[in-house]
Amino acid sequence: MDIASIIGVAMGIILMLLGIITSGGIQTVGNFLDVPSALITIGGSNMAVLASRSIPEYVGALKSYTMIFKVAANDTKGVIKQIIDLSNTARKEGLLALEEAAGALDDPFMKKGVMLIVDGTEPELVKSILEAEIDSMADRHKSNYSVFEDIAAQGPAWGMIGTLIGLVNMLNDMSDASKIGPSMAVALITTLYGSIVANWFCFPAAGKLKARSNAEYMAKSIVIEGLLSIQAGENPRVTEEKLKSFLSPADRAAYEADNGGGATEGGAE
């Protein structure tokens, strides 16, 4: 489980409730619960986004929310190690030896690339096929996190719509001055709900999903770069140095520590 997401989402609502309770007492929590305001703000913002999407796309995006609580499976350093192992195999035994090595790969994307190379596919075509796949993946991911971005953009707007509806109702009945304050409070709750929808629920989800998508895209880009280097017959050490450029300084140091300072077996000419 992704502890950061769990803490962030849980503590967001807990701290908000603590703020309400410490400022006015626990009895004031009910002042912030209003069904009509929720219907207008949460319902309106979601329906506005649904109107711009298909139902499967919208439902699929909502289901992807649970992914922010799962730890990403991308292991960039492990991917580089696999590529270098394949590079050493190709250098020692030839490209056709990669067909057997591909059987031990768990990553379907890497396996697909290796088999394209074994089949003698032209490098430009290999690159084109694999890049088309990761571009398609990125588009699917964007269709998910953009739904949350759109709901976040709509939330405050629908909160204002709810506020205006409340103000209209209040101004139409000002005969009892004692009701003006409570009516104004209810009108403002919709604005509060819009801000909560945007900043507690949607923006964090969109940011986490986008970061996960970018990380996966980078991992697959490393695979493409590595496989093309293997196909070009480059020295495994050169390939390793090229792929390490994708890593942050901390990850690069960790990779080198795990792999003997980055030395590549069979890297010498």
# chains A, B, ... in the order shown; residues from 1 in each chain; ligands from 1
$ residues_around --residues "range 203-219 of chain A" --least-positions-apart "6" --cutoff "9 Å" --atoms "only C-alpha atoms" --output "CSV table (one decimal) with all heavy atoms, in the first residue's frame"
chain,number,residue,atom,x,y,z
A,5,SER,N,-0.3,8.2,0.2
A,5,SER,CA,-1.7,8.5,-0.3
A,5,SER,C,-2.6,8.2,0.9
A,5,SER,O,-3.6,9.0,1.1
A,5,SER,CB,-2.0,7.6,-1.5
A,5,SER,OG,-1.3,7.9,-2.6
A,8,GLY,N,-2.2,11.0,3.4
A,8,GLY,CA,-2.7,12.3,2.9
A,8,GLY,C,-4.2,12.4,2.8
A,8,GLY,O,-4.7,13.4,3.3
A,9,VAL,N,-4.8,11.4,2.3
A,9,VAL,CA,-6.3,11.4,2.2
A,9,VAL,C,-6.9,11.3,3.6
A,9,VAL,O,-7.9,12.1,3.9
A,9,VAL,CB,-6.8,10.2,1.4
A,9,VAL,CG1,-8.3,10.1,1.4
A,9,VAL,CG2,-6.3,10.4,-0.1
A,64,SER,N,-10.0,3.9,-11.4
A,64,SER,CA,-8.6,4.1,-11.3
A,64,SER,C,-8.1,4.8,-10.0
A,64,SER,O,-6.9,4.8,-9.6
A,64,SER,CB,-8.0,4.8,-12.5
A,64,SER,OG,-8.4,6.2,-12.5
A,65,TYR,N,-9.1,5.4,-9.3
A,65,TYR,CA,-8.8,6.2,-8.1
A,65,TYR,C,-8.1,5.2,-7.0
A,65,TYR,O,-7.2,5.7,-6.3
A,65,TYR,CB,-10.0,6.8,-7.4
A,65,TYR,CG,-9.8,7.6,-6.2
A,65,TYR,CD1,-9.2,8.8,-6.2
A,65,TYR,CD2,-10.0,7.0,-4.9
A,65,TYR,CE1,-9.0,9.6,-5.1
A,65,TYR,CE2,-9.8,7.7,-3.8
A,65,TYR,CZ,-9.3,9.0,-3.8
A,65,TYR,OH,-9.0,9.7,-2.7
A,67,MET,N,-6.0,3.1,-7.5
A,67,MET,CA,-4.6,2.9,-7.8
A,67,MET,C,-3.6,3.8,-7.0
A,67,MET,O,-2.4,3.4,-6.8
A,67,MET,CB,-4.3,3.1,-9.3
A,67,MET,CG,-5.0,2.0,-10.2
A,67,MET,SD,-4.8,2.3,-11.9
A,67,MET,CE,-3.0,2.2,-12.1
A,68,ILE,N,-4.1,4.9,-6.5
A,68,ILE,CA,-3.2,5.8,-5.8
A,68,ILE,C,-2.8,5.2,-4.4
A,68,ILE,O,-1.9,5.7,-3.8
A,68,ILE,CB,-3.9,7.2,-5.6
A,68,ILE,CG1,-5.0,7.2,-4.5
A,68,ILE,CG2,-4.4,7.8,-6.9
A,68,ILE,CD1,-5.5,8.6,-4.2
A,72,ALA,N,3.6,1.6,-6.8
A,72,ALA,CA,3.9,1.4,-8.2
A,72,ALA,C,4.9,0.3,-8.3
A,72,ALA,O,5.8,0.1,-7.5
A,72,ALA,CB,4.5,2.7,-8.8
A,73,ALA,N,4.7,-0.5,-9.4
A,73,ALA,CA,5.5,-1.7,-9.6
A,73,ALA,C,6.7,-1.4,-10.4
A,73,ALA,O,7.5,-2.3,-10.6
A,73,ALA,CB,4.7,-2.8,-10.3
A,74,ASN,N,6.9,-0.2,-10.9
A,74,ASN,CA,8.0,0.1,-11.7
A,74,ASN,C,9.4,0.0,-11.0
A,74,ASN,O,9.5,0.6,-9.9
A,74,ASN,CB,7.9,1.6,-12.3
A,74,ASN,CG,6.7,1.7,-13.2
A,74,ASN,OD1,6.4,0.8,-13.9
A,74,ASN,ND2,6.0,2.8,-13.2
A,75,ASP,N,10.3,-0.8,-11.5
A,75,ASP,CA,11.6,-0.9,-10.9
A,75,ASP,C,12.6,-0.6,-12.0
A,75,ASP,O,13.1,-1.4,-12.8
A,75,ASP,CB,11.8,-2.4,-10.5
A,75,ASP,CG,13.2,-2.6,-9.9
A,75,ASP,OD1,13.9,-1.6,-9.6
A,75,ASP,OD2,13.5,-3.8,-9.6
A,76,THR,N,12.9,0.7,-12.1
A,76,THR,CA,13.8,1.2,-13.2
A,76,THR,C,15.2,0.6,-13.1
A,76,THR,O,15.7,0.2,-14.2
A,76,THR,CB,13.9,2.7,-13.2
A,76,THR,OG1,12.6,3.3,-13.1
A,76,THR,CG2,14.6,3.2,-14.4
A,79,VAL,N,15.0,-2.9,-14.4
A,79,VAL,CA,14.8,-2.9,-15.9
A,79,VAL,C,16.2,-2.8,-16.5
A,79,VAL,O,16.5,-3.5,-17.5
A,79,VAL,CB,13.9,-1.8,-16.3
A,79,VAL,CG1,13.9,-1.6,-17.8
A,79,VAL,CG2,12.5,-2.1,-15.9
A,80,ILE,N,17.0,-1.8,-16.1
A,80,ILE,CA,18.3,-1.6,-16.6
A,80,ILE,C,19.2,-2.9,-16.5
A,80,ILE,O,19.9,-3.3,-17.4
A,80,ILE,CB,19.0,-0.4,-16.0
A,80,ILE,CG1,18.2,0.9,-16.3
A,80,ILE,CG2,20.5,-0.3,-16.4
A,80,ILE,CD1,18.8,2.1,-15.7
A,134,ILE,N,3.7,2.6,-26.2
A,134,ILE,CA,3.8,3.4,-25.0
A,134,ILE,C,3.0,4.7,-25.2
A,134,ILE,O,2.5,5.3,-24.2
A,134,ILE,CB,5.2,3.7,-24.5
A,134,ILE,CG1,6.0,4.5,-25.5
A,134,ILE,CG2,5.9,2.4,-24.3
A,134,ILE,CD1,7.4,4.9,-25.0
A,135,ASP,N,2.9,5.3,-26.4
A,135,ASP,CA,2.1,6.5,-26.6
A,135,ASP,C,0.6,6.2,-26.4
A,135,ASP,O,-0.1,7.0,-25.8
A,135,ASP,CB,2.3,7.0,-28.0
A,135,ASP,CG,3.7,7.7,-28.2
A,135,ASP,OD1,4.3,8.0,-27.2
A,135,ASP,OD2,4.1,7.9,-29.3
A,137,MET,N,-0.5,3.8,-24.4
A,137,MET,CA,-0.6,3.6,-22.9
A,137,MET,C,-0.7,5.0,-22.3
A,137,MET,O,-1.6,5.2,-21.4
A,137,MET,CB,0.7,2.9,-22.4
A,137,MET,CG,0.7,2.8,-20.9
A,137,MET,SD,2.4,2.5,-20.3
A,137,MET,CE,3.1,4.2,-20.6
A,138,ALA,N,0.1,6.0,-22.7
A,138,ALA,CA,0.1,7.3,-22.1
A,138,ALA,C,-1.3,8.0,-22.3
A,138,ALA,O,-1.8,8.7,-21.4
A,138,ALA,CB,1.2,8.2,-22.6
A,141,HIS,N,-3.8,6.5,-19.9
A,141,HIS,CA,-3.6,7.0,-18.6
A,141,HIS,C,-4.1,8.4,-18.5
A,141,HIS,O,-4.7,8.8,-17.5
A,141,HIS,CB,-2.1,7.0,-18.2
A,141,HIS,CG,-1.6,5.6,-18.0
A,141,HIS,ND1,-0.2,5.3,-17.8
A,141,HIS,CD2,-2.2,4.4,-18.0
A,141,HIS,CE1,-0.1,4.0,-17.7
A,141,HIS,NE2,-1.2,3.4,-17.8
A,142,LYS,N,-3.9,9.2,-19.5
A,142,LYS,CA,-4.3,10.6,-19.5
A,142,LYS,C,-5.8,10.7,-19.4
A,142,LYS,O,-6.4,11.6,-18.8
A,142,LYS,CB,-3.8,11.3,-20.7
A,142,LYS,CG,-4.1,12.8,-20.7
A,142,LYS,CD,-3.5,13.6,-21.9
A,142,LYS,CE,-3.8,15.0,-21.9
A,142,LYS,NZ,-3.2,15.8,-23.0
A,144,ASN,N,-7.7,8.9,-17.9
A,144,ASN,CA,-8.1,8.6,-16.5
A,144,ASN,C,-7.8,9.8,-15.6
A,144,ASN,O,-8.7,10.3,-15.0
A,144,ASN,CB,-7.4,7.4,-15.9
A,144,ASN,CG,-7.9,6.1,-16.5
A,144,ASN,OD1,-9.0,6.0,-16.9
A,144,ASN,ND2,-7.1,5.0,-16.4
A,145,TYR,N,-6.6,10.3,-15.6
A,145,TYR,CA,-6.3,11.4,-14.6
A,145,TYR,C,-6.9,12.7,-15.1
A,145,TYR,O,-7.1,13.6,-14.2
A,145,TYR,CB,-4.8,11.5,-14.3
A,145,TYR,CG,-3.9,11.9,-15.5
A,145,TYR,CD1,-3.9,13.2,-16.0
A,145,TYR,CD2,-3.0,11.0,-16.0
A,145,TYR,CE1,-3.0,13.5,-17.0
A,145,TYR,CE2,-2.1,11.3,-17.0
A,145,TYR,CZ,-2.1,12.6,-17.5
A,145,TYR,OH,-1.2,13.0,-18.5
A,146,SER,N,-7.2,12.9,-16.4
A,146,SER,CA,-7.8,14.1,-16.8
A,146,SER,C,-9.2,14.2,-16.3
A,146,SER,O,-9.7,15.3,-16.2
A,146,SER,CB,-7.7,14.2,-18.3
A,146,SER,OG,-8.5,13.2,-19.0
A,147,VAL,N,-9.9,13.1,-16.1
A,147,VAL,CA,-11.2,13.1,-15.5
A,147,VAL,C,-11.2,13.8,-14.1
A,147,VAL,O,-12.0,14.7,-13.8
A,147,VAL,CB,-11.9,11.7,-15.4
A,147,VAL,CG1,-13.1,11.7,-14.5
A,147,VAL,CG2,-12.2,11.2,-16.8
A,148,PHE,N,-10.2,13.4,-13.3
A,148,PHE,CA,-10.1,14.0,-12.0
A,148,PHE,C,-9.7,15.5,-12.1
A,148,PHE,O,-10.2,16.3,-11.3
A,148,PHE,CB,-9.1,13.3,-11.2
A,148,PHE,CG,-9.5,11.9,-10.8
A,148,PHE,CD1,-9.0,10.8,-11.4
A,148,PHE,CD2,-10.5,11.7,-9.8
A,148,PHE,CE1,-9.5,9.5,-11.1
A,148,PHE,CE2,-10.9,10.4,-9.5
A,148,PHE,CZ,-10.4,9.3,-10.1
A,149,GLU,N,-8.9,15.9,-13.1
A,149,GLU,CA,-8.5,17.3,-13.3
A,149,GLU,C,-9.8,18.1,-13.7
A,149,GLU,O,-10.0,19.2,-13.2
A,149,GLU,CB,-7.5,17.4,-14.4
A,149,GLU,CG,-6.1,16.9,-13.9
A,149,GLU,CD,-5.1,16.9,-15.1
A,149,GLU,OE1,-5.5,16.9,-16.3
A,149,GLU,OE2,-3.9,17.0,-14.8
A,151,ILE,N,-13.0,17.3,-13.0
A,151,ILE,CA,-13.9,17.4,-11.8
A,151,ILE,C,-13.4,18.5,-10.9
A,151,ILE,O,-14.1,19.2,-10.3
A,151,ILE,CB,-14.0,16.0,-11.1
A,151,ILE,CG1,-14.7,15.0,-12.0
A,151,ILE,CG2,-14.8,16.2,-9.8
A,151,ILE,CD1,-14.8,13.6,-11.4
A,152,ALA,N,-12.0,18.5,-10.7
A,152,ALA,CA,-11.5,19.5,-9.8
A,152,ALA,C,-11.7,20.9,-10.3
A,152,ALA,O,-11.9,21.8,-9.5
A,152,ALA,CB,-9.9,19.3,-9.7
A,197,VAL,N,-14.0,19.0,-2.9
A,197,VAL,CA,-13.9,18.0,-4.0
A,197,VAL,C,-12.7,18.2,-4.8
A,197,VAL,O,-12.0,17.3,-5.2
A,197,VAL,CB,-15.2,18.2,-4.9
A,197,VAL,CG1,-15.0,17.5,-6.3
A,197,VAL,CG2,-16.4,17.7,-4.2
A,246,PHE,N,19.1,7.9,-17.4
A,246,PHE,CA,17.7,8.1,-17.1
A,246,PHE,C,17.4,8.2,-15.6
A,246,PHE,O,16.3,8.6,-15.2
A,246,PHE,CB,16.8,6.9,-17.7
A,246,PHE,CG,16.6,6.9,-19.2
A,246,PHE,CD1,17.5,6.3,-20.0
A,246,PHE,CD2,15.5,7.6,-19.7
A,246,PHE,CE1,17.4,6.4,-21.4
A,246,PHE,CE2,15.3,7.6,-21.1
A,246,PHE,CZ,16.2,7.0,-21.9
$ residues_around --residues "Ile84 in chain A" --least-positions-apart "6" --cutoff "10 Å" --atoms "only C-alpha atoms" --output "ChimeraX atom specification"
/A:78,90,226-227,230,235-240,243,264-265,267
$ closest_residue --among "A:Gly159, A:Glu122, A:Lys77, A:Asp85" --to "Thr41 in chain A" --atoms "only C-alpha atoms"
A:Gly159
$ residues_around --residues "range 49-57 of chain A" --least-positions-apart "4" --cutoff "9 Å" --atoms "only C-alpha atoms" --output "PDB file with N, CA and C atoms, in the first residue's frame"
ATOM      1  N   GLY A  44     -23.353  17.953  -9.555  1.00  0.00           N
ATOM      2  CA  GLY A  44     -23.227  18.804 -10.740  1.00  0.00           C
ATOM      3  C   GLY A  44     -21.872  18.718 -11.389  1.00  0.00           C
ATOM      4  N   SER A  45     -20.808  18.760 -10.592  1.00  0.00           N
ATOM      5  CA  SER A  45     -19.459  18.711 -11.169  1.00  0.00           C
ATOM      6  C   SER A  45     -19.193  17.384 -11.857  1.00  0.00           C
ATOM      7  N   ALA A  61     -12.247   5.790 -15.193  1.00  0.00           N
ATOM      8  CA  ALA A  61     -11.416   6.768 -14.487  1.00  0.00           C
ATOM      9  C   ALA A  61     -11.692   6.738 -12.991  1.00  0.00           C
ATOM     10  N   LEU A  62     -12.968   6.662 -12.605  1.00  0.00           N
ATOM     11  CA  LEU A  62     -13.297   6.614 -11.181  1.00  0.00           C
ATOM     12  C   LEU A  62     -12.711   5.361 -10.530  1.00  0.00           C
ATOM     13  N   SER A 143      -6.498   9.787 -20.129  1.00  0.00           N
ATOM     14  CA  SER A 143      -7.965   9.824 -20.102  1.00  0.00           C
ATOM     15  C   SER A 143      -8.484   9.563 -18.694  1.00  0.00           C
ATOM     16  N   ASN A 144      -7.701   8.859 -17.866  1.00  0.00           N
ATOM     17  CA  ASN A 144      -8.101   8.603 -16.479  1.00  0.00           C
ATOM     18  C   ASN A 144      -7.839   9.814 -15.595  1.00  0.00           C
ATOM     19  N   VAL A 147      -9.888  13.097 -16.075  1.00  0.00           N
ATOM     20  CA  VAL A 147     -11.239  13.147 -15.515  1.00  0.00           C
ATOM     21  C   VAL A 147     -11.208  13.802 -14.138  1.00  0.00           C
ATOM     22  N   ASP A 150     -10.606  17.485 -14.502  1.00  0.00           N
ATOM     23  CA  ASP A 150     -11.815  18.187 -14.934  1.00  0.00           C
ATOM     24  C   ASP A 150     -12.824  18.341 -13.798  1.00  0.00           C
ATOM     25  N   ILE A 151     -12.973  17.286 -12.985  1.00  0.00           N
ATOM     26  CA  ILE A 151     -13.885  17.393 -11.832  1.00  0.00           C
ATOM     27  C   ILE A 151     -13.369  18.456 -10.866  1.00  0.00           C
ATOM     28  N   GLN A 154     -14.315  21.748 -12.197  1.00  0.00           N
ATOM     29  CA  GLN A 154     -15.751  21.992 -12.128  1.00  0.00           C
ATOM     30  C   GLN A 154     -16.239  22.202 -10.697  1.00  0.00           C
TER      31      GLN A 154
END
$ residues_around --residues "Phe109 in chain A" --least-positions-apart "5" --cutoff "10 Å" --atoms "only C-alpha atoms" --output "NGL selection string"
:A and (114 or 130 or 133-134 or 220 or 223-224)
$ write_last_selection --atoms "all heavy atoms" --output "mmCIF file, in the first residue's frame"
data_model
loop_
_atom_site.group_PDB
_atom_site.id
_atom_site.type_symbol
_atom_site.label_atom_id
_atom_site.label_comp_id
_atom_site.auth_asym_id
_atom_site.auth_seq_id
_atom_site.Cartn_x
_atom_site.Cartn_y
_atom_site.Cartn_z
ATOM 1 N N VAL A 114 12.129 -7.793 -27.615
ATOM 2 C CA VAL A 114 13.180 -8.783 -27.863
ATOM 3 C C VAL A 114 12.817 -9.683 -29.034
ATOM 4 O O VAL A 114 13.643 -9.961 -29.916
ATOM 5 C CB VAL A 114 13.428 -9.632 -26.596
ATOM 6 C CG1 VAL A 114 14.338 -10.819 -26.914
ATOM 7 C CG2 VAL A 114 14.051 -8.783 -25.498
ATOM 8 N N LEU A 130 7.198 -0.041 -30.799
ATOM 9 C CA LEU A 130 7.235 0.074 -29.340
ATOM 10 C C LEU A 130 6.819 1.469 -28.863
ATOM 11 O O LEU A 130 6.131 1.607 -27.847
ATOM 12 C CB LEU A 130 8.626 -0.266 -28.826
ATOM 13 C CG LEU A 130 9.094 -1.716 -29.074
ATOM 14 C CD1 LEU A 130 10.491 -1.934 -28.507
ATOM 15 C CD2 LEU A 130 8.110 -2.717 -28.478
ATOM 16 N N GLU A 133 3.129 1.826 -28.904
ATOM 17 C CA GLU A 133 2.487 1.159 -27.766
ATOM 18 C C GLU A 133 2.542 2.012 -26.508
ATOM 19 O O GLU A 133 1.545 2.129 -25.784
ATOM 20 C CB GLU A 133 3.154 -0.196 -27.512
ATOM 21 C CG GLU A 133 2.486 -0.982 -26.395
ATOM 22 C CD GLU A 133 2.895 -2.443 -26.356
ATOM 23 O OE1 GLU A 133 3.259 -2.986 -27.421
ATOM 24 O OE2 GLU A 133 2.852 -3.040 -25.261
ATOM 25 N N ILE A 134 3.696 2.632 -26.233
ATOM 26 C CA ILE A 134 3.770 3.425 -25.008
ATOM 27 C C ILE A 134 3.013 4.744 -25.156
ATOM 28 O O ILE A 134 2.512 5.284 -24.163
ATOM 29 C CB ILE A 134 5.231 3.666 -24.546
ATOM 30 C CG1 ILE A 134 6.013 4.499 -25.550
ATOM 31 C CG2 ILE A 134 5.917 2.357 -24.278
ATOM 32 C CD1 ILE A 134 7.402 4.908 -25.034
ATOM 33 N N LYS A 220 9.494 2.263 -19.784
ATOM 34 C CA LYS A 220 9.354 1.633 -21.101
ATOM 35 C C LYS A 220 10.259 2.318 -22.132
ATOM 36 O O LYS A 220 10.727 1.675 -23.086
ATOM 37 C CB LYS A 220 7.894 1.650 -21.538
ATOM 38 C CG LYS A 220 7.012 0.732 -20.681
ATOM 39 C CD LYS A 220 5.611 0.607 -21.216
ATOM 40 C CE LYS A 220 4.735 -0.254 -20.307
ATOM 41 N NZ LYS A 220 5.245 -1.608 -20.118
ATOM 42 N N VAL A 223 13.518 0.686 -21.849
ATOM 43 C CA VAL A 223 13.500 -0.605 -22.542
ATOM 44 C C VAL A 223 13.761 -0.407 -24.036
ATOM 45 O O VAL A 223 14.575 -1.110 -24.641
ATOM 46 C CB VAL A 223 12.155 -1.323 -22.323
ATOM 47 C CG1 VAL A 223 12.055 -2.562 -23.223
ATOM 48 C CG2 VAL A 223 11.997 -1.730 -20.864
ATOM 49 N N ILE A 224 13.073 0.557 -24.633
ATOM 50 C CA ILE A 224 13.248 0.813 -26.067
ATOM 51 C C ILE A 224 14.684 1.196 -26.372
ATOM 52 O O ILE A 224 15.313 0.655 -27.295
ATOM 53 C CB ILE A 224 12.289 1.929 -26.539
ATOM 54 C CG1 ILE A 224 10.838 1.470 -26.425
ATOM 55 C CG2 ILE A 224 12.599 2.323 -27.983
ATOM 56 C CD1 ILE A 224 9.814 2.553 -26.738
#
$ closest_residue --among "A:Ile189, A:Ala101, A:Leu247, A:Ile117" --to "Gly30 in chain A" --atoms "only C-alpha atoms"
A:Ile189
$ atom_distance --atom1 "CA of Gly162 in chain A" --atom2 "CA of Gly19 in chain A"
23.6 Å
$ residues_around --residues "Lys70 in chain A" --least-positions-apart "3" --cutoff "8 Å" --atoms "only C-alpha atoms" --output "ChimeraX atom specification"
/A:1-2,66-67
$ write_last_selection --atoms "N, CA and C atoms" --output "PDB file, in the first residue's frame"
ATOM      1  N   MET A   1       0.834  -1.200   0.000  1.00  0.00           N
ATOM      2  CA  MET A   1       0.000   0.000   0.000  1.00  0.00           C
ATOM      3  C   MET A   1       0.874   1.258   0.000  1.00  0.00           C
ATOM      4  N   ASP A   2       0.404   2.295  -0.684  1.00  0.00           N
ATOM      5  CA  ASP A   2       1.116   3.567  -0.727  1.00  0.00           C
ATOM      6  C   ASP A   2       0.767   4.366   0.529  1.00  0.00           C
ATOM      7  N   THR A  66      -8.487   3.994  -6.992  1.00  0.00           N
ATOM      8  CA  THR A  66      -7.910   3.061  -6.019  1.00  0.00           C
ATOM      9  C   THR A  66      -6.422   2.819  -6.261  1.00  0.00           C
ATOM     10  N   MET A  67      -5.952   3.116  -7.483  1.00  0.00           N
ATOM     11  CA  MET A  67      -4.550   2.884  -7.805  1.00  0.00           C
ATOM     12  C   MET A  67      -3.608   3.780  -7.017  1.00  0.00           C
TER      13      MET A  67
END
$ select_by_dssp --residues "range 29-125 of chain A" --states "helix (DSSP H, G or I)" --output "PyMOL selection string"
chain A and resi 29-32+35-50+55-69+76-93+95-102+108-118+123-125
$ atom_distance --atom1 "CA of Leu18 in chain A" --atom2 "CA of Tyr193 in chain A"
16.9 Å
$ atom_distance --atom1 "CA of Gly113 in chain A" --atom2 "CA of Thr89 in chain A"
15.4 Å
$ residues_around --residues "Lys112 in chain A" --least-positions-apart "3" --cutoff "10 Å" --atoms "only C-alpha atoms" --output "VMD selection string"
chain A and resid 102 105 107 to 109 115 to 118 126 129 to 130
$ write_last_selection --atoms "C-alpha atoms" --output "PDB file, in the first residue's frame"
ATOM      1  CA  ALA A 102      13.019 -13.823 -23.685  1.00  0.00           C
ATOM      2  CA  LEU A 105      11.140 -12.237 -19.025  1.00  0.00           C
ATOM      3  CA  ASP A 107       7.557  -7.920 -18.776  1.00  0.00           C
ATOM      4  CA  PRO A 108       5.390  -8.448 -21.905  1.00  0.00           C
ATOM      5  CA  PHE A 109       6.606  -5.155 -23.375  1.00  0.00           C
ATOM      6  CA  MET A 115      11.148 -11.000 -30.186  1.00  0.00           C
ATOM      7  CA  LEU A 116      10.957  -8.226 -32.775  1.00  0.00           C
ATOM      8  CA  ILE A 117      14.752  -8.051 -32.722  1.00  0.00           C
ATOM      9  CA  VAL A 118      15.109 -11.828 -32.938  1.00  0.00           C
ATOM     10  CA  VAL A 126      11.076  -1.796 -33.842  1.00  0.00           C
ATOM     11  CA  ILE A 129       6.091  -0.238 -32.944  1.00  0.00           C
ATOM     12  CA  LEU A 130       7.235   0.074 -29.340  1.00  0.00           C
TER      13      LEU A 130
END
